[in-house]
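Asks: Handing you this structure, nothing more for now.
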Amino acid sequence: MQLKNSPILDAKLSDICISTSAAPTYLPAHNFTNKDEEAGKEEEFNLIDGGVCANNPALVAVNEVTKQIIDQSPDFFPIKPLEYGR
């Protein structure tokens, strides 16, 4: 969801996989840079295993969807409370 607003976050799958495996006790943080050619920006990322801050990734996904619904994002069709017919 954040990629639409920040194309700089469009990282390579290999960088994402290496980063998510970088548990601090066993492996060092994964460092890489990502470029946004259209905007001419470059950003450096220093990432570690996501389990350090969010052991349950489903909760992170629920929080992201909740933010989008609160912001009334057009990506989410309007659903009335207790509308189970859909």
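Ligands are numbered from 1 in the order shown, residues from 1 within each chain, and chains are lettered A, B, ... in the order they appear in the structure tokens.
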Determine, counting only C-alpha atoms, which protein, DNA and RNA residues have an atom within 9 Å of an atom of Ser19 in chain A; residues of the same chain fewer than 2 positions away are not included. Present the result as a list in words.

Replies: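 These residues fall inside the cut-off: Ser14, Asp15, Ile16, Cys17, Ser21, Ala22, Ala23, Ala29, His30, Asn31, Asn46, Leu47, Ile48, Asp49 and Gly50 of chain A.
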
Asks: Can you tell me, as a ChimeraX atom specification, which residues in chain A count as helix (DSSP H, G or I) by DSSP?

Replies: /A:2-4,7-9,13-20,50-52,57-70

Asks: I need the residues in chain A that are strand (DSSP E) according to DSSP; give them as a PyMOL selection string.

Replies: chain A and resi 30-36+41-47

Asks: Write out the residues from the selection above, keeping N, CA and C atoms, as a compact mmCIF listing (two decimals), in the first residue's frame.

Replies:
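Produced file part-v2.txt, reproduced below:
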```
# COMPACT_ATOMS: atom_id res chain seq x y z
N HIS A 30 21.27 -6.16 6.76
CA HIS A 30 21.50 -6.09 5.31
C HIS A 30 21.39 -4.63 4.87
N ASN A 31 22.44 -4.13 4.24
CA ASN A 31 22.49 -2.75 3.77
C ASN A 31 22.40 -2.73 2.25
N PHE A 32 21.52 -1.87 1.72
CA PHE A 32 21.43 -1.68 0.27
C PHE A 32 20.84 -0.31 -0.02
N THR A 33 21.05 0.16 -1.24
CA THR A 33 20.46 1.43 -1.66
C THR A 33 19.45 1.16 -2.76
N ASN A 34 18.44 1.99 -2.81
CA ASN A 34 17.39 1.87 -3.80
C ASN A 34 17.23 3.21 -4.50
N LYS A 35 17.08 3.18 -5.81
CA LYS A 35 16.99 4.41 -6.59
C LYS A 35 15.61 4.55 -7.21
N ASP A 36 15.09 5.78 -7.19
CA ASP A 36 13.86 6.13 -7.90
C ASP A 36 14.29 6.98 -9.08
N LYS A 41 15.83 10.26 -6.83
CA LYS A 41 16.17 10.08 -5.42
C LYS A 41 16.87 8.75 -5.20
N GLU A 42 17.67 8.71 -4.16
CA GLU A 42 18.34 7.48 -3.75
C GLU A 42 18.21 7.37 -2.24
N GLU A 43 17.86 6.19 -1.76
CA GLU A 43 17.70 6.00 -0.32
C GLU A 43 18.44 4.75 0.12
N GLU A 44 19.07 4.85 1.28
CA GLU A 44 19.81 3.73 1.85
C GLU A 44 18.95 3.02 2.88
N PHE A 45 18.97 1.69 2.85
CA PHE A 45 18.21 0.88 3.79
C PHE A 45 19.18 0.01 4.59
N ASN A 46 18.98 -0.06 5.89
CA ASN A 46 19.71 -0.94 6.80
C ASN A 46 18.65 -1.75 7.53
N LEU A 47 18.42 -2.98 7.09
CA LEU A 47 17.28 -3.74 7.58
C LEU A 47 17.71 -5.00 8.32
```

Asks: Which residue gives the smallest distance to Ala39 in chain A among A:Asn56, A:Thr20, A:Ser6, A:Thr66, with only C-alpha atoms counted?

Replies: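 Among A:Asn56, A:Thr20, A:Ser6, A:Thr66, it is A:Ser6 that comes nearest to Ala39 in chain A.
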
Asks: What is the CA of Tyr26 in chain A to CA of Ile8 in chain A distance in Å?

Replies: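 One can read the CA of Tyr26 in chain A to CA of Ile8 in chain A distance as 28.4 Å.
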
Asks: Using only C-alpha atoms for the distances, tell me which of A:Lys67, A:Asn5, A:Lys12, A:Pro24 is nearest to Cys53 in chain A.

Replies: A:Pro24
